[in-house]
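Text of the file target.cif, holding mmCIF, C-alpha atoms (C1' of nucleotides):
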```cif
data_work
#
loop_
_atom_site.label_atom_id
_atom_site.label_comp_id
_atom_site.auth_asym_id
_atom_site.auth_seq_id
_atom_site.Cartn_x
_atom_site.Cartn_y
_atom_site.Cartn_z
CA MET A 16 -8.91 -58.26 2.38
CA LYS A 17 -6.74 -60.30 0.10
CA PRO A 18 -3.17 -61.09 1.04
CA LEU A 19 -0.55 -59.62 -1.23
CA THR A 20 0.91 -62.74 -2.76
CA ILE A 21 3.82 -62.73 -5.14
CA GLY A 22 1.44 -63.32 -8.03
CA ARG A 23 -0.61 -60.27 -7.20
CA LEU A 24 2.45 -58.15 -6.62
CA ALA A 25 3.82 -59.23 -9.97
CA ALA A 26 0.57 -58.65 -11.82
CA ALA A 27 0.12 -55.21 -10.28
CA THR A 28 3.51 -54.10 -11.57
CA GLY A 29 3.69 -55.89 -14.89
CA THR A 30 6.46 -58.14 -13.66
CA SER A 31 6.74 -61.89 -13.81
CA VAL A 32 6.69 -63.88 -10.61
CA GLU A 33 10.10 -65.27 -11.45
CA THR A 34 11.53 -61.82 -11.87
CA VAL A 35 10.18 -60.75 -8.49
CA ARG A 36 11.94 -63.68 -6.88
CA TYR A 37 15.02 -62.79 -8.83
CA TYR A 38 14.93 -59.22 -7.51
CA GLU A 39 14.68 -60.61 -4.02
CA ARG A 40 17.72 -62.80 -4.56
CA ALA A 41 19.50 -59.82 -6.06
CA GLY A 42 18.78 -57.79 -2.94
CA LEU A 43 16.53 -55.24 -4.58
CA LEU A 44 13.42 -56.36 -2.77
CA PRO A 45 13.48 -57.23 0.93
CA GLN A 46 12.76 -60.77 1.99
CA PRO A 47 9.08 -60.63 2.81
CA ALA A 48 7.25 -62.25 5.70
CA ARG A 49 5.94 -65.74 5.09
CA THR A 50 2.50 -67.17 5.66
CA GLU A 51 1.79 -70.38 7.49
CA GLY A 52 2.15 -72.26 4.21
CA ASN A 53 5.47 -70.58 3.40
CA TYR A 54 4.02 -68.18 0.84
CA ARG A 55 5.60 -64.75 0.52
CA ALA A 56 3.35 -62.11 2.08
CA TYR A 57 4.09 -58.60 0.86
CA HIS A 58 3.28 -55.20 2.32
CA PRO A 59 1.75 -52.51 0.14
CA GLU A 60 5.04 -50.58 0.40
CA ASP A 61 6.70 -53.38 -1.48
CA LEU A 62 4.42 -52.49 -4.35
CA ASP A 63 5.87 -48.98 -4.37
CA ARG A 64 9.36 -50.32 -4.18
CA LEU A 65 8.82 -52.74 -7.03
CA ARG A 66 7.21 -50.04 -9.15
CA PHE A 67 10.22 -47.85 -8.50
CA ILE A 68 12.49 -50.65 -9.63
CA ARG A 69 10.48 -51.28 -12.78
CA ARG A 70 10.38 -47.65 -13.65
CA THR A 71 14.11 -47.15 -13.25
CA ARG A 72 14.81 -50.37 -15.13
CA ASP A 73 12.58 -49.15 -17.93
CA LEU A 74 14.69 -46.03 -18.01
CA GLY A 75 17.66 -48.26 -18.63
CA PHE A 76 19.42 -48.16 -15.28
CA SER A 77 21.38 -51.27 -14.36
CA LEU A 78 20.46 -53.26 -11.29
CA ASP A 79 23.50 -51.77 -9.53
CA GLU A 80 22.30 -48.30 -10.35
CA VAL A 81 18.81 -49.17 -9.23
CA ARG A 82 20.22 -50.38 -5.92
CA ALA A 83 22.06 -47.09 -5.55
CA LEU A 84 18.95 -45.10 -6.40
CA LEU A 85 16.94 -47.06 -3.87
CA ASP A 86 19.53 -46.29 -1.22
CA MET A 87 19.42 -42.62 -2.10
CA ALA A 88 15.67 -42.57 -2.02
CA GLY A 89 15.89 -44.07 1.44
CA ASN A 90 18.05 -41.25 2.83
CA ARG A 91 15.53 -38.49 2.65
CA ASP A 92 17.75 -35.87 4.28
CA GLN A 93 20.67 -36.44 1.97
CA ASP A 94 21.50 -34.01 -0.77
CA CYS A 95 19.96 -34.93 -4.08
CA GLY A 96 23.07 -34.08 -6.09
CA THR A 97 24.20 -37.70 -6.17
CA VAL A 98 20.94 -38.68 -7.78
CA ASP A 99 21.41 -36.00 -10.35
CA THR A 100 24.97 -37.12 -11.03
CA LEU A 101 23.95 -40.72 -11.51
CA ALA A 102 21.16 -39.69 -13.87
CA GLN A 103 23.49 -37.43 -15.83
CA ARG A 104 26.04 -40.17 -16.22
CA HIS A 105 23.33 -42.51 -17.37
CA LEU A 106 22.13 -39.95 -19.89
CA ALA A 107 25.65 -39.64 -21.25
CA GLY A 108 25.79 -43.41 -21.62
CA ILE A 109 22.55 -43.39 -23.55
CA ASP A 110 23.82 -40.62 -25.80
CA GLY A 111 26.88 -42.71 -26.50
CA LYS A 112 24.79 -45.70 -27.42
CA ILE A 113 22.59 -43.63 -29.70
CA ALA A 114 25.63 -42.22 -31.47
CA ASP A 115 27.06 -45.72 -31.94
CA LEU A 116 23.81 -47.04 -33.32
CA MET A 117 23.45 -44.09 -35.68
CA ALA A 118 26.91 -44.63 -37.12
CA LEU A 119 26.18 -48.29 -37.55
CA ARG A 120 22.83 -47.55 -39.06
CA HIS A 121 24.34 -45.28 -41.69
CA GLU A 122 26.95 -47.80 -42.64
CA LEU A 123 24.42 -50.55 -42.94
CA ALA A 124 22.02 -48.41 -44.93
CA ARG A 125 24.82 -47.53 -47.33
CA LEU A 126 25.59 -51.21 -47.76
CA ILE A 127 22.00 -52.11 -48.41
CA ALA A 128 21.63 -49.34 -50.95
CA SER A 129 24.56 -50.80 -52.85
CA CYS A 130 22.80 -54.13 -53.39
CA GLY A 131 21.46 -54.33 -56.89
CA GLY A 132 20.15 -57.89 -56.65
CA GLY A 133 21.65 -60.71 -58.61
CA LYS A 134 23.76 -63.58 -57.43
CA VAL A 135 25.57 -63.86 -54.17
CA SER A 136 28.86 -63.93 -56.01
CA GLU A 137 28.43 -60.32 -57.04
CA CYS A 138 26.63 -59.11 -53.95
CA ARG A 139 27.98 -55.81 -52.73
CA ILE A 140 26.80 -56.37 -49.21
CA LEU A 141 28.75 -59.57 -48.77
CA GLU A 142 31.71 -58.00 -50.47
CA ALA A 143 31.63 -55.20 -47.96
CA PHE A 144 31.71 -57.76 -45.16
CA SER A 145 34.82 -59.32 -46.59
CA PRO A 146 38.36 -58.04 -46.33
CA GLY A 147 39.17 -55.15 -48.59
CA ASP A 148 41.33 -57.05 -51.04
CA GLY A 149 40.23 -58.21 -54.46
CA ARG A 150 40.87 -61.84 -53.74
CA ALA A 151 38.85 -64.97 -54.03
CA GLY A 152 35.79 -63.62 -52.32
CA PRO A 153 33.92 -64.58 -49.20
CA PRO A 154 35.02 -67.27 -46.76
CA ASP A 155 34.96 -70.90 -47.72
CA ARG A 156 33.80 -74.03 -45.90
CA MET B 1229 57.11 -69.53 -43.33
CA LYS B 1230 55.37 -69.23 -40.01
CA PRO B 1231 52.45 -71.47 -39.13
CA LEU B 1232 49.18 -69.67 -38.57
CA THR B 1233 48.65 -70.31 -34.88
CA ILE B 1234 45.60 -69.22 -32.99
CA GLY B 1235 47.53 -66.35 -31.46
CA ARG B 1236 48.55 -65.00 -34.85
CA LEU B 1237 45.06 -65.45 -36.23
CA ALA B 1238 43.63 -63.61 -33.28
CA ALA B 1239 46.15 -60.79 -33.43
CA ALA B 1240 45.64 -60.33 -37.17
CA THR B 1241 41.91 -59.80 -36.68
CA GLY B 1242 41.83 -57.93 -33.42
CA THR B 1243 40.24 -60.84 -31.64
CA SER B 1244 41.23 -62.53 -28.42
CA VAL B 1245 42.45 -66.11 -28.52
CA GLU B 1246 39.64 -67.11 -26.23
CA THR B 1247 37.08 -65.58 -28.53
CA VAL B 1248 38.49 -67.48 -31.49
CA ARG B 1249 38.11 -70.72 -29.60
CA TYR B 1250 34.64 -69.64 -28.62
CA TYR B 1251 33.73 -69.06 -32.28
CA GLU B 1252 34.97 -72.51 -33.05
CA ARG B 1253 32.79 -74.01 -30.34
CA ALA B 1254 29.90 -71.93 -31.62
CA GLY B 1255 30.38 -73.39 -35.08
CA LEU B 1256 31.36 -70.14 -36.78
CA LEU B 1257 34.90 -71.22 -37.48
CA PRO B 1258 35.72 -74.71 -38.70
CA GLN B 1259 37.78 -77.01 -36.54
CA PRO B 1260 41.26 -76.48 -37.86
CA ALA B 1261 43.92 -79.07 -38.45
CA ARG B 1262 46.24 -79.80 -35.57
CA THR B 1263 50.00 -79.88 -35.42
CA GLU B 1264 52.01 -82.66 -33.92
CA GLY B 1265 51.84 -80.89 -30.57
CA ASN B 1266 48.05 -80.48 -30.81
CA TYR B 1267 48.20 -76.79 -31.70
CA ARG B 1268 45.51 -75.42 -33.99
CA ALA B 1269 46.95 -74.81 -37.46
CA TYR B 1270 44.89 -72.40 -39.54
CA HIS B 1271 44.71 -71.77 -43.26
CA PRO B 1272 44.87 -68.24 -44.65
CA GLU B 1273 41.20 -68.58 -45.68
CA ASP B 1274 40.32 -68.83 -42.03
CA LEU B 1275 41.68 -65.34 -41.69
CA ASP B 1276 39.15 -64.15 -44.26
CA ARG B 1277 36.41 -66.00 -42.53
CA LEU B 1278 37.26 -64.58 -39.14
CA ARG B 1279 37.51 -61.07 -40.56
CA PHE B 1280 34.07 -61.55 -42.08
CA ILE B 1281 32.74 -62.59 -38.70
CA ARG B 1282 34.30 -59.65 -36.91
CA ARG B 1283 33.02 -57.20 -39.47
CA THR B 1284 29.45 -58.46 -39.31
CA ARG B 1285 29.59 -58.61 -35.51
CA ASP B 1286 30.78 -55.01 -35.50
CA LEU B 1287 27.77 -54.16 -37.59
CA GLY B 1288 25.64 -55.59 -34.82
CA PHE B 1289 24.55 -58.90 -36.31
CA SER B 1290 23.93 -61.70 -33.82
CA LEU B 1291 25.95 -64.88 -34.03
CA ASP B 1292 22.92 -66.60 -35.54
CA GLU B 1293 22.73 -63.96 -38.22
CA VAL B 1294 26.45 -64.21 -38.82
CA ARG B 1295 26.09 -67.95 -39.28
CA ALA B 1296 23.32 -67.33 -41.81
CA LEU B 1297 25.40 -64.75 -43.64
CA LEU B 1298 28.33 -67.13 -43.79
CA ASP B 1299 26.10 -69.79 -45.29
CA MET B 1300 24.82 -67.34 -47.87
CA ALA B 1301 28.30 -66.21 -48.74
CA GLY B 1302 29.14 -69.85 -49.31
CA ASN B 1303 26.42 -70.38 -51.90
CA ARG B 1304 27.80 -68.17 -54.58
CA ASP B 1305 25.10 -69.02 -57.14
CA GLN B 1306 22.24 -68.30 -54.82
CA ASP B 1307 20.18 -65.15 -55.19
CA CYS B 1308 21.41 -62.37 -53.00
CA GLY B 1309 17.91 -61.29 -52.01
CA THR B 1310 18.08 -63.23 -48.76
CA VAL B 1311 21.17 -61.31 -47.76
CA ASP B 1312 19.40 -58.09 -48.51
CA THR B 1313 16.37 -59.18 -46.51
CA LEU B 1314 18.45 -60.11 -43.52
CA ALA B 1315 20.29 -56.80 -43.66
CA GLN B 1316 17.03 -54.87 -44.01
CA ARG B 1317 15.55 -56.61 -41.03
CA HIS B 1318 18.66 -55.87 -39.05
CA LEU B 1319 18.47 -52.23 -40.05
CA ALA B 1320 14.86 -52.09 -38.90
CA GLY B 1321 15.92 -53.56 -35.58
CA ILE B 1322 18.57 -50.90 -35.19
CA ASP B 1323 16.08 -48.19 -36.05
CA GLY B 1324 13.79 -49.56 -33.38
CA LYS B 1325 16.55 -49.48 -30.81
CA ILE B 1326 17.48 -45.94 -31.74
CA ALA B 1327 13.88 -44.84 -31.40
CA ASP B 1328 13.61 -46.50 -28.00
CA LEU B 1329 16.79 -44.90 -26.78
CA MET B 1330 15.71 -41.49 -28.05
CA ALA B 1331 12.41 -41.69 -26.22
CA LEU B 1332 14.21 -42.78 -23.10
CA ARG B 1333 16.77 -40.07 -23.51
CA HIS B 1334 14.12 -37.36 -23.72
CA GLU B 1335 12.33 -38.62 -20.69
CA LEU B 1336 15.51 -38.79 -18.68
CA ALA B 1337 16.63 -35.35 -19.81
CA ARG B 1338 13.28 -33.92 -18.77
CA LEU B 1339 13.65 -35.52 -15.38
CA ILE B 1340 17.14 -34.20 -14.90
CA ALA B 1341 16.09 -30.71 -15.89
CA SER B 1342 13.44 -30.80 -13.20
CA CYS B 1343 16.00 -31.30 -10.44
CA GLY B 1344 16.58 -28.08 -8.60
CA GLY B 1345 18.98 -29.47 -6.02
CA GLY B 1346 18.06 -29.68 -2.37
CA LYS B 1347 17.25 -32.68 -0.29
CA VAL B 1348 16.31 -36.08 -1.53
CA SER B 1349 12.90 -35.75 0.07
CA GLU B 1350 11.96 -33.08 -2.45
CA CYS B 1351 13.88 -34.46 -5.40
CA ARG B 1352 11.86 -34.41 -8.57
CA ILE B 1353 13.87 -37.17 -10.16
CA LEU B 1354 13.17 -39.65 -7.42
CA GLU B 1355 9.58 -38.52 -7.33
CA ALA B 1356 9.28 -39.28 -10.98
CA PHE B 1357 10.60 -42.77 -10.36
CA SER B 1358 7.92 -43.36 -7.78
CA PRO B 1359 4.29 -44.24 -8.37
CA GLY B 1360 2.15 -41.38 -9.56
CA ASP B 1361 0.14 -40.93 -6.38
CA GLY B 1362 0.72 -38.28 -3.76
CA ARG B 1363 1.54 -40.76 -1.05
CA ALA B 1364 4.34 -41.25 1.38
CA GLY B 1365 7.13 -40.98 -1.16
CA PRO B 1366 9.83 -43.36 -2.20
CA PRO B 1367 10.13 -46.97 -1.09
CA ASP B 1368 11.04 -47.84 2.46
CA ARG B 1369 13.47 -50.32 3.98
"C1'" DA C 715 68.56 -77.52 -19.72
"C1'" DT C 716 65.93 -73.75 -18.58
"C1'" DG C 717 63.03 -69.89 -19.00
"C1'" DG C 718 59.32 -67.59 -20.98
"C1'" DA C 719 55.93 -67.21 -24.46
"C1'" DC C 720 52.72 -69.55 -26.29
"C1'" DC C 721 49.20 -73.29 -26.58
"C1'" DC C 722 45.76 -76.97 -24.73
"C1'" DT C 723 41.18 -78.46 -22.20
"C1'" DG C 724 37.73 -77.67 -18.97
"C1'" DT C 725 35.25 -75.03 -16.01
"C1'" DA C 726 33.11 -71.06 -13.96
"C1'" DC C 727 31.54 -66.34 -14.28
"C1'" DC C 728 29.07 -61.67 -15.89
"C1'" DA C 729 23.82 -59.34 -16.54
"C1'" DG C 730 19.16 -59.93 -16.26
"C1'" DC C 731 16.38 -62.56 -16.54
"C1'" DT C 732 13.52 -67.05 -18.19
"C1'" DA C 733 12.12 -71.81 -17.93
"C1'" DC C 734 11.68 -75.73 -16.21
"C1'" DA C 735 11.30 -80.01 -12.66
"C1'" DG C 736 9.39 -81.78 -8.83
"C1'" DG C 737 7.13 -80.82 -5.24
"C1'" DG C 738 3.54 -78.21 -1.57
"C1'" DT C 739 -0.79 -75.14 -0.58
"C1'" DC C 740 -5.19 -73.24 -1.09
"C1'" DA C 741 -9.92 -72.40 -2.45
"C1'" DA C 742 -13.92 -73.62 -5.10
"C1'" DG C 743 -17.05 -77.05 -6.99
"C1'" DG C 744 -19.22 -81.49 -6.97
"C1'" DC D 380 -14.97 -84.77 2.10
"C1'" DC D 381 -12.43 -85.06 -1.99
"C1'" DT D 382 -10.74 -83.60 -6.13
"C1'" DT D 383 -9.25 -80.32 -9.40
"C1'" DG D 384 -6.74 -76.59 -10.87
"C1'" DA D 385 -4.51 -72.40 -9.89
"C1'" DC D 386 -1.19 -70.82 -7.45
"C1'" DC D 387 3.10 -71.11 -4.68
"C1'" DC D 388 7.83 -73.15 -3.14
"C1'" DT D 389 13.06 -74.35 -3.96
"C1'" DG D 390 16.67 -75.41 -6.89
"C1'" DT D 391 18.83 -75.73 -11.09
"C1'" DA D 392 19.92 -74.93 -15.93
"C1'" DG D 393 19.64 -72.10 -19.99
"C1'" DC D 394 20.07 -67.87 -22.88
"C1'" DT D 395 23.96 -64.19 -25.43
"C1'" DG D 396 28.62 -63.25 -26.34
"C1'" DG D 397 32.04 -63.62 -24.60
"C1'" DT D 398 35.91 -63.34 -20.44
"C1'" DA D 399 38.90 -65.41 -16.97
"C1'" DC D 400 40.96 -68.50 -14.80
"C1'" DA D 401 43.42 -73.26 -13.28
"C1'" DG D 402 46.39 -76.69 -14.27
"C1'" DG D 403 48.74 -78.54 -17.48
"C1'" DG D 404 51.71 -79.21 -22.26
"C1'" DT D 405 54.79 -77.34 -26.25
"C1'" DC D 406 58.11 -74.67 -28.60
"C1'" DC D 407 62.10 -72.04 -29.26
"C1'" DA D 408 66.01 -69.29 -28.06
"C1'" DT D 409 69.74 -68.88 -25.13
#
```

Turn the structure described in the file into structure tokens.
Amino acid sequence: MKPLTIGRLAAATGTSVETVRYYERAGLLPQPARTEGNYRAYHPEDLDRLRFIRRTRDLGFSLDEVRALLDMAGNRDQDCGTVDTLAQRHLAGIDGKIADLMALRHELARLIASCGGGKVSECRILEAFSPGDGRAGPPDR
Amino acid sequence: MKPLTIGRLAAATGTSVETVRYYERAGLLPQPARTEGNYRAYHPEDLDRLRFIRRTRDLGFSLDEVRALLDMAGNRDQDCGTVDTLAQRHLAGIDGKIADLMALRHELARLIASCGGGKVSECRILEAFSPGDGRAGPPDR
DNA sequence: ATGGACCCTGTACCAGCTACAGGGTCAAGG
DNA sequence: CCTTGACCCTGTAGCTGGTACAGGGTCCAT
């Protein structure tokens, strides 16, 4: 049966080889055994671990959070409340980001709606980017 | 009257001095004149320009986009359609991000709701992070 | 003249990768 | 057996948008 090289590991998880090595450097993946020719030789469990990492990354957790989650997942007898807490906090962060983007979106949409074409010198969008005074108009140079 | 030093410029626009210098390096702000003692000496127009930059950055435009917007604002006789296009594209990008975050948010909320407390070994959240098979559970090591 | 606030340049750092350069290894085909 | 090409190795630099020093110089008030 085929050895689990870094290329195969990467392909099986939709990761790039470089990213796998990066995760190793970052301490998310263990340093694997090496073959005679100094190739990384992974165990099938590493596949699970990497999939876990990808999944949590896809859910927007930072590498630090992923590390914490991996630790938690390792302590099978520990209470799962910490996991829940971390997830909740992450959810709150996401909600914050959504709210920020919505506000921004509305402002931008309002600006765009105000553009009636014409020359730059009378463009409402650019005006809105400029300071609120009635002076000379947008920045020089 | 007081010379417009970098500190004053920064303070007047809610920017840090370091960021102002960074914008200069990045080509967003012109290289200002220098005093005898090699201090940057700004013109009042630079204030406008920096405010423009801050405003567009707050609206989520990248530095590249800001540079483009500054160029457009400089060509006062040009058609403002390009500005509109850039803004529209930016809006679409924001909408995309919002959609992504919403999807992510729902998934995460679902996961959190599934957590009934207890030990890590039976935690639904961690399970959901793991590969979809019924095997040994979360990553080792 | 001295202290403190300000300014200067240059460099390194953050996340989370990505993209080389310059080599070594391995397996298949001729 | 040798070559070719795909893969792998390490190490380093780059990206975005700043932030944070270190180690110096300047300015101004007291």

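The gap separating CA of Val1294 (chain B) from CA of Cys1308 (chain B) is 15.2 Å, in Å to one decimal.
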
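Candidate residues C:DG717, C:DG730, C:DG743, C:DC722 were compared for distance to Arg1268 (chain B), and the nearest is C:DC722, using only C-alpha atoms (C1' of nucleotides).
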
What would chain A look like once superposed on chain B, with the fit done by least squares over all C-alpha atoms paired in order? Give it as a compact mmCIF listing (two decimals) with C-alpha atoms, keeping the file's coordinate frame.
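Okay, superposed03.txt is ready:
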```txt
# COMPACT_ATOMS: atom_id res chain seq x y z
CA MET A 16 57.13 -69.10 -42.82
CA LYS A 17 55.37 -68.87 -39.52
CA PRO A 18 52.49 -71.17 -38.71
CA LEU A 19 49.16 -69.46 -38.22
CA THR A 20 48.55 -70.12 -34.56
CA ILE A 21 45.41 -69.10 -32.76
CA GLY A 22 47.29 -66.21 -31.17
CA ARG A 23 48.35 -64.82 -34.50
CA LEU A 24 44.92 -65.31 -36.00
CA ALA A 25 43.39 -63.49 -33.06
CA ALA A 26 45.89 -60.64 -33.15
CA ALA A 27 45.46 -60.17 -36.89
CA THR A 28 41.72 -59.69 -36.49
CA GLY A 29 41.53 -57.84 -33.21
CA THR A 30 39.92 -60.80 -31.50
CA SER A 31 40.85 -62.50 -28.28
CA VAL A 32 42.13 -66.05 -28.36
CA GLU A 33 39.27 -67.10 -26.13
CA THR A 34 36.74 -65.62 -28.49
CA VAL A 35 38.26 -67.48 -31.43
CA ARG A 36 37.87 -70.73 -29.55
CA TYR A 37 34.37 -69.71 -28.67
CA TYR A 38 33.53 -69.11 -32.34
CA GLU A 39 34.85 -72.56 -33.11
CA ARG A 40 32.64 -74.11 -30.45
CA ALA A 41 29.75 -72.07 -31.78
CA GLY A 42 30.32 -73.47 -35.25
CA LEU A 43 31.28 -70.21 -36.89
CA LEU A 44 34.86 -71.21 -37.51
CA PRO A 45 35.76 -74.69 -38.76
CA GLN A 46 37.77 -76.97 -36.54
CA PRO A 47 41.29 -76.39 -37.78
CA ALA A 48 44.04 -78.93 -38.33
CA ARG A 49 46.28 -79.62 -35.37
CA THR A 50 50.04 -79.63 -35.13
CA GLU A 51 52.08 -82.40 -33.59
CA GLY A 52 51.76 -80.68 -30.22
CA ASN A 53 47.99 -80.31 -30.56
CA TYR A 54 48.09 -76.62 -31.43
CA ARG A 55 45.45 -75.28 -33.80
CA ALA A 56 46.96 -74.61 -37.22
CA TYR A 57 44.91 -72.22 -39.33
CA HIS A 58 44.82 -71.59 -43.06
CA PRO A 59 44.96 -68.05 -44.39
CA GLU A 60 41.33 -68.43 -45.52
CA ASP A 61 40.36 -68.72 -41.90
CA LEU A 62 41.66 -65.20 -41.52
CA ASP A 63 39.17 -64.03 -44.13
CA ARG A 64 36.40 -65.93 -42.48
CA LEU A 65 37.18 -64.53 -39.06
CA ARG A 66 37.41 -61.01 -40.45
CA PHE A 67 34.02 -61.51 -42.05
CA ILE A 68 32.62 -62.61 -38.72
CA ARG A 69 34.12 -59.65 -36.88
CA ARG A 70 32.87 -57.22 -39.43
CA THR A 71 29.32 -58.52 -39.37
CA ARG A 72 29.37 -58.69 -35.58
CA ASP A 73 30.54 -55.09 -35.49
CA LEU A 74 27.55 -54.27 -37.63
CA GLY A 75 25.41 -55.75 -34.92
CA PHE A 76 24.35 -59.04 -36.47
CA SER A 77 23.71 -61.87 -34.03
CA LEU A 78 25.77 -65.03 -34.21
CA ASP A 79 22.78 -66.77 -35.82
CA GLU A 80 22.62 -64.10 -38.46
CA VAL A 81 26.34 -64.30 -38.98
CA ARG A 82 26.03 -68.05 -39.50
CA ALA A 83 23.32 -67.42 -42.07
CA LEU A 84 25.40 -64.79 -43.83
CA LEU A 85 28.37 -67.14 -43.94
CA ASP A 86 26.19 -69.80 -45.51
CA MET A 87 24.94 -67.34 -48.09
CA ALA A 88 28.42 -66.17 -48.86
CA GLY A 89 29.33 -69.79 -49.44
CA ASN A 90 26.66 -70.33 -52.11
CA ARG A 91 28.07 -68.09 -54.75
CA ASP A 92 25.45 -68.94 -57.37
CA GLN A 93 22.51 -68.24 -55.13
CA ASP A 94 20.45 -65.13 -55.51
CA CYS A 95 21.58 -62.32 -53.27
CA GLY A 96 18.05 -61.28 -52.32
CA THR A 97 18.16 -63.26 -49.08
CA VAL A 98 21.22 -61.33 -48.01
CA ASP A 99 19.44 -58.12 -48.76
CA THR A 100 16.38 -59.23 -46.82
CA LEU A 101 18.41 -60.17 -43.78
CA ALA A 102 20.23 -56.84 -43.88
CA GLN A 103 16.98 -54.93 -44.27
CA ARG A 104 15.44 -56.71 -41.33
CA HIS A 105 18.50 -55.96 -39.28
CA LEU A 106 18.33 -52.31 -40.27
CA ALA A 107 14.71 -52.18 -39.14
CA GLY A 108 15.74 -53.67 -35.81
CA ILE A 109 18.39 -51.02 -35.39
CA ASP A 110 15.90 -48.29 -36.24
CA GLY A 111 13.62 -49.67 -33.58
CA LYS A 112 16.36 -49.62 -31.01
CA ILE A 113 17.31 -46.07 -31.90
CA ALA A 114 13.71 -44.94 -31.55
CA ASP A 115 13.44 -46.64 -28.15
CA LEU A 116 16.64 -45.06 -26.92
CA MET A 117 15.58 -41.63 -28.16
CA ALA A 118 12.28 -41.81 -26.30
CA LEU A 119 14.08 -42.92 -23.19
CA ARG A 120 16.67 -40.24 -23.61
CA HIS A 121 14.05 -37.51 -23.80
CA GLU A 122 12.28 -38.74 -20.73
CA LEU A 123 15.47 -38.95 -18.77
CA ALA A 124 16.63 -35.54 -19.91
CA ARG A 125 13.31 -34.06 -18.83
CA LEU A 126 13.72 -35.65 -15.43
CA ILE A 127 17.23 -34.37 -15.00
CA ALA A 128 16.21 -30.87 -15.99
CA SER A 129 13.62 -30.93 -13.23
CA CYS A 130 16.24 -31.46 -10.52
CA GLY A 131 16.91 -28.23 -8.73
CA GLY A 132 19.33 -29.65 -6.17
CA GLY A 133 18.50 -29.83 -2.52
CA LYS A 134 17.69 -32.81 -0.39
CA VAL A 135 16.69 -36.22 -1.57
CA SER A 136 13.33 -35.80 0.08
CA GLU A 137 12.36 -33.14 -2.43
CA CYS A 138 14.20 -34.54 -5.41
CA ARG A 139 12.10 -34.46 -8.54
CA ILE A 140 14.01 -37.24 -10.18
CA LEU A 141 13.33 -39.72 -7.41
CA GLU A 142 9.76 -38.55 -7.25
CA ALA A 143 9.38 -39.29 -10.92
CA PHE A 144 10.65 -42.82 -10.29
CA SER A 145 8.01 -43.37 -7.67
CA PRO A 146 4.35 -44.14 -8.21
CA GLY A 147 2.25 -41.19 -9.23
CA ASP A 148 0.42 -40.75 -5.96
CA GLY A 149 1.20 -38.11 -3.37
CA ARG A 150 1.92 -40.60 -0.65
CA ALA A 151 4.76 -41.15 1.72
CA GLY A 152 7.47 -40.95 -0.88
CA PRO A 153 10.08 -43.36 -2.10
CA PRO A 154 10.38 -46.97 -0.99
CA ASP A 155 11.44 -47.84 2.51
CA ARG A 156 13.87 -50.42 3.90
```

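The protein and nucleic acid residues lying at most 10 Å from Ala1269 (chain B) are Pro1231, Leu1232, Thr1233, Ile1234, Leu1237, Gln1259, Pro1260, Ala1261, Arg1262 and Thr1263 of chain B, with all atoms listed in the file considered and sequence neighbours fewer than 6 positions away removed.
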
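If you apply the PyMOL selection byres ((chain C) within 8 of (chain A)) to this structure, you end up with DC731, DT732 and DT739 of chain C.
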
* Asked: Any idea which chain D residues end up within 12 Å of chain B if we count only C-alpha atoms (C1' of nucleotides), as an MDAnalysis selection string please?
  -> chainID D and resid 395:400 404:406

* To do: Return as a count of residues only the set of residues that the PyMOL selection byres ((chain B) within 7 of (chain A)) yields on the displayed structure.
  => 40

* Would you translate the PyMOL selection byres ((chain C and resi 742) around 10) into the concrete set of residues it matches in this file, as number ranges by chain? => C: 740-741, 743-744; D: 383-384

* Å distance separating CA of Leu1256 (chain B) from CA of Arg1317 (chain B), one decimal place -> 21.2 Å

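Computed from the coordinates, the CA of Glu39 (chain A) to CA of Lys17 (chain A) distance equals 21.8 Å.
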
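Protein and nucleic acid residues near (8.4, -82.6, -8.8) are C:DC734, C:DA735, C:DG736, C:DG737, C:DG738, D:DC388, D:DT389, D:DG390, the criterion being any atom at most 12 Å away using only C-alpha atoms (C1' of nucleotides).
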
* Contacts of DT716 (chain C) within 12 Å, all atoms listed in the file, excl. fewer than 5 positions in-chain, as number ranges by chain -> D: 407-409
